[in-house]
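Asker: Handing you a structure now.
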Amino acid sequence: NPLQGAQFVLAAHRISQLPPDHGAEVAFAGRSNAGKSSALNALTGHRGLARTSKTPGRTQQMVAFSLPPKVQGEGLAPLQVRLIDLPGYGYAKVPPELREHWKQEIDGYLHQRQSLRGIVLIADIRHPLKDFDRMMLDFCFATQLPCHVLLTKADKLSRNQSAQALAALRKELVEGGTQATAQIFSSQTPTGVDEARDVVVRLLNT
Ligand code: GDP
């Protein structure tokens with residue numbers, strides 16, 4: 001597993017507190033309780049890496065995880081590689097000021113971050129895309145940033161229902177003109193973990 005060895009670096013309340021903007025990183029975004037922490041844990045093979053929670057909206061920080069630096073060749077400094085867990089967003093009980101704070105921080109992060117190679121957007125397969133998800137997709141479309149959608153908790157649906165949900169999302173993505181890709185995922189069964197990991201590794205290598 002090339003994402004194994006991920007380690008907690010820091011939790012930040014502002015972009016300026018994130019690790020220096022060198023190297024390559026992939027950011028994980030999703031509404032609160034979508035299953036983002038569970039996905040990060042499944043992808044890195046590290047059960048306790050991201051804090052999963054039964055209480056939505058608890059994780060209100062940007063969290064940086066480092067991966068083993070990538071050797072680039074003789075005379076070249078190793079490339080710093082990271083995963084960034086963006087704060088869960090969209091949970092009703094989050095106070096409006098805090099919500100506005102994160103909206104601005106995420107927006108700033110997406111616009112400014114040079115090392116950002118792509119977004120993994122986590123969405124519950126049982127629900128249609130919400131405003132937050134569309135905002136992320138619109139942003140990626142506008143900036144040509146690669147976006148890969150994990151339709152997670154697929155174990156909650158039959159195979160047939162999952163396939164239908166994926167087809168509907170792909171249709172929506174194509175009609176929206178985005179280049180975003182999508183797949184079925186479950187951190188529970190697990191399903192689609194290798195596929196998602198390959199996407200993350202490919203993004204980190206671009
Ligand atoms: P986050 O808020 O997006 O980080 O979501 P968590 O990873 O903390 O998950 C929220 C809830 O959904 C927890 O109760 C998880 O156990 C559950 N969950 C997460 N992923 C899956 C999945 O793939 N299948 C099922 N059935 N439940 C999941």
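Residues are referred to by chain and number: the chain letter is A, B, ... according to the order shown in the structure tokens, the number counts from 1 in that chain, and ligands are numbered separately from 1 in the order shown.
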Counting only C-alpha atoms and all ligand atoms, name the residues that have an atom within 10 Å of an atom of ligand 1; the answer should be given as a PyMOL selection string.

Answerer: chain A and resi 28-42+50-60+85-89+91+122-125+150-157+184-191

Asker: For the selection you just gave me, I'd like the residues written to a file as a short mmCIF file (atom, residue, chain, number, x, y, z; two decimals), in the first residue's frame, keeping N, CA and C atoms.

Answerer:
```cif
data_model
loop_
_atom_site.label_atom_id
_atom_site.label_comp_id
_atom_site.auth_asym_id
_atom_site.auth_seq_id
_atom_site.Cartn_x
_atom_site.Cartn_y
_atom_site.Cartn_z
N PHE A 28 -8.95 15.89 0.84
CA PHE A 28 -10.19 15.14 0.98
C PHE A 28 -11.27 16.08 1.49
N ALA A 29 -12.37 16.14 0.78
CA ALA A 29 -13.46 17.03 1.14
C ALA A 29 -14.76 16.25 1.19
N GLY A 30 -15.69 16.76 1.98
CA GLY A 30 -16.99 16.10 2.03
C GLY A 30 -17.82 16.71 3.13
N ARG A 31 -19.10 16.58 2.99
CA ARG A 31 -19.98 17.08 4.04
C ARG A 31 -19.74 16.27 5.31
N SER A 32 -20.04 16.88 6.44
CA SER A 32 -19.87 16.19 7.71
C SER A 32 -20.64 14.88 7.69
N ASN A 33 -20.01 13.85 8.21
CA ASN A 33 -20.64 12.55 8.36
C ASN A 33 -20.77 11.76 7.06
N ALA A 34 -20.18 12.29 5.97
CA ALA A 34 -20.25 11.56 4.69
C ALA A 34 -19.44 10.27 4.76
N GLY A 35 -18.42 10.26 5.63
CA GLY A 35 -17.57 9.07 5.73
C GLY A 35 -16.13 9.36 5.31
N LYS A 36 -15.75 10.61 5.42
CA LYS A 36 -14.42 11.05 4.97
C LYS A 36 -13.30 10.46 5.83
N SER A 37 -13.47 10.52 7.13
CA SER A 37 -12.43 9.97 8.01
C SER A 37 -12.28 8.47 7.79
N SER A 38 -13.39 7.79 7.67
CA SER A 38 -13.34 6.34 7.45
C SER A 38 -12.65 6.04 6.13
N ALA A 39 -12.90 6.85 5.11
CA ALA A 39 -12.26 6.65 3.81
C ALA A 39 -10.75 6.85 3.92
N LEU A 40 -10.34 7.91 4.63
CA LEU A 40 -8.91 8.16 4.81
C LEU A 40 -8.24 6.99 5.54
N ASN A 41 -8.91 6.50 6.55
CA ASN A 41 -8.36 5.38 7.31
C ASN A 41 -8.24 4.13 6.43
N ALA A 42 -9.25 3.88 5.62
CA ALA A 42 -9.23 2.70 4.74
C ALA A 42 -8.12 2.83 3.69
N ALA A 50 -7.43 9.18 10.86
CA ALA A 50 -8.37 10.30 10.95
C ALA A 50 -9.41 9.93 12.00
N ARG A 51 -9.82 10.91 12.75
CA ARG A 51 -10.77 10.63 13.82
C ARG A 51 -12.17 10.46 13.23
N THR A 52 -12.70 9.27 13.33
CA THR A 52 -14.08 9.07 12.89
C THR A 52 -14.99 9.41 14.05
N SER A 53 -16.20 9.75 13.73
CA SER A 53 -17.08 10.22 14.77
C SER A 53 -18.53 9.91 14.45
N LYS A 54 -19.24 9.55 15.48
CA LYS A 54 -20.68 9.33 15.30
C LYS A 54 -21.41 10.66 15.44
N THR A 55 -20.69 11.67 15.91
CA THR A 55 -21.29 12.99 16.07
C THR A 55 -20.87 13.88 14.91
N PRO A 56 -21.76 14.15 13.98
CA PRO A 56 -21.35 14.93 12.82
C PRO A 56 -20.89 16.33 13.22
N GLY A 57 -19.95 16.86 12.48
CA GLY A 57 -19.53 18.24 12.70
C GLY A 57 -18.48 18.42 13.77
N ARG A 58 -17.98 17.32 14.28
CA ARG A 58 -16.98 17.45 15.33
C ARG A 58 -15.61 17.82 14.78
N THR A 59 -15.33 17.37 13.59
CA THR A 59 -14.00 17.60 13.04
C THR A 59 -13.96 18.93 12.32
N GLN A 60 -13.64 19.99 13.05
CA GLN A 60 -13.62 21.33 12.46
C GLN A 60 -12.20 21.85 12.34
N ASP A 85 -6.94 16.63 5.13
CA ASP A 85 -8.33 16.38 5.48
C ASP A 85 -9.00 17.74 5.71
N LEU A 86 -9.84 18.15 4.77
CA LEU A 86 -10.52 19.44 4.92
C LEU A 86 -11.66 19.30 5.92
N PRO A 87 -12.04 20.38 6.60
CA PRO A 87 -13.09 20.24 7.62
C PRO A 87 -14.43 19.82 7.01
N GLY A 88 -15.11 18.97 7.73
CA GLY A 88 -16.47 18.61 7.34
C GLY A 88 -17.32 19.86 7.33
N TYR A 89 -18.32 19.88 6.53
CA TYR A 89 -18.94 21.13 6.17
C TYR A 89 -20.41 20.84 5.90
N TYR A 91 -22.94 20.79 8.15
CA TYR A 91 -23.76 20.26 9.23
C TYR A 91 -24.52 21.40 9.90
N ILE A 122 -15.90 13.13 -1.00
CA ILE A 122 -16.61 11.99 -0.43
C ILE A 122 -18.08 12.35 -0.27
N ALA A 123 -18.94 11.52 -0.87
CA ALA A 123 -20.37 11.77 -0.78
C ALA A 123 -21.11 10.47 -0.48
N ASP A 124 -22.10 10.56 0.36
CA ASP A 124 -22.91 9.39 0.72
C ASP A 124 -23.71 8.95 -0.50
N ILE A 125 -23.55 7.70 -0.87
CA ILE A 125 -24.17 7.18 -2.10
C ILE A 125 -25.71 7.24 -2.03
N LEU A 150 -15.88 9.82 -4.43
CA LEU A 150 -16.13 8.50 -3.84
C LEU A 150 -17.58 8.48 -3.37
N LEU A 151 -18.37 7.64 -3.99
CA LEU A 151 -19.75 7.45 -3.51
C LEU A 151 -19.68 6.39 -2.44
N THR A 152 -19.64 6.83 -1.21
CA THR A 152 -19.33 5.89 -0.13
C THR A 152 -20.59 5.37 0.58
N LYS A 153 -20.35 4.46 1.51
CA LYS A 153 -21.41 3.71 2.20
C LYS A 153 -22.21 2.87 1.21
N ALA A 154 -21.53 2.40 0.15
CA ALA A 154 -22.19 1.60 -0.87
C ALA A 154 -22.74 0.30 -0.28
N ASP A 155 -22.20 -0.09 0.86
CA ASP A 155 -22.72 -1.31 1.52
C ASP A 155 -24.16 -1.14 1.99
N LYS A 156 -24.64 0.10 2.02
CA LYS A 156 -26.02 0.36 2.44
C LYS A 156 -27.01 0.12 1.30
N LEU A 157 -26.50 -0.05 0.09
CA LEU A 157 -27.39 -0.28 -1.05
C LEU A 157 -27.08 -1.64 -1.68
N ILE A 184 -17.68 3.80 -6.93
CA ILE A 184 -18.39 3.30 -5.75
C ILE A 184 -17.35 2.97 -4.68
N PHE A 185 -17.72 3.21 -3.41
CA PHE A 185 -16.76 3.03 -2.33
C PHE A 185 -17.48 2.57 -1.08
N SER A 186 -16.80 1.78 -0.29
CA SER A 186 -17.26 1.50 1.08
C SER A 186 -16.03 1.21 1.92
N SER A 187 -15.93 1.90 3.03
CA SER A 187 -14.80 1.59 3.90
C SER A 187 -15.15 0.45 4.83
N GLN A 188 -16.41 0.04 4.77
CA GLN A 188 -16.88 -1.00 5.68
C GLN A 188 -16.68 -2.41 5.11
N THR A 189 -17.06 -2.59 3.83
CA THR A 189 -17.04 -3.97 3.31
C THR A 189 -15.64 -4.56 3.03
N PRO A 190 -14.58 -3.95 2.64
CA PRO A 190 -14.45 -2.69 1.92
C PRO A 190 -14.62 -2.88 0.42
N THR A 191 -14.97 -1.80 -0.25
CA THR A 191 -15.22 -1.81 -1.69
C THR A 191 -14.56 -0.60 -2.35
#
```

Asker: Would you list, as a PyMOL selection string, the residues of region 15-162 of chain A that end up in strand (DSSP E or B) under DSSP run on this structure's backbone?

Answerer: chain A and resi 24-31+62-70+79-85+89+116-124+147-152

Asker: Considering only C-alpha atoms, state which residue in the set A:Ser66, A:Gln144, A:Thr206, A:Gln104 is at the smallest distance from Gly177 (chain A).

Answerer: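 Checking each of A:Ser66, A:Gln144, A:Thr206, A:Gln104 against Gly177 (chain A), counting only C-alpha atoms, the winner is A:Gln144.
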
Asker: Can you measure CA of Ala12 (chain A) to CA of His111 (chain A) for me? One decimal in Å is fine.

Answerer: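 For CA of Ala12 (chain A) relative to CA of His111 (chain A), the distance reads 17.2 Å.
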
Asker: Pick from A:Leu110, A:Leu76, A:Met136, A:Ala24: nearest to Leu204 (chain A), with only C-alpha atoms counted?

Answerer: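 Closest to Leu204 (chain A) of all the choices is A:Ala24.
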
Asker: Give me, as a PyMOL selection string, all polymer residues having an atom no more than 9 Å from Ala64 (chain A), counting only C-alpha atoms and skipping those fewer than 3 positions away in the same chain.

Answerer: chain A and resi 7-12+18-19+82-86

Asker: A:Glu105, A:His148, A:Gly75, A:His127: which is nearest Asp198 (chain A), counting only C-alpha atoms?

Answerer: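 Checking each of A:Glu105, A:His148, A:Gly75, A:His127 against Asp198 (chain A), counting only C-alpha atoms, the winner is A:His148.
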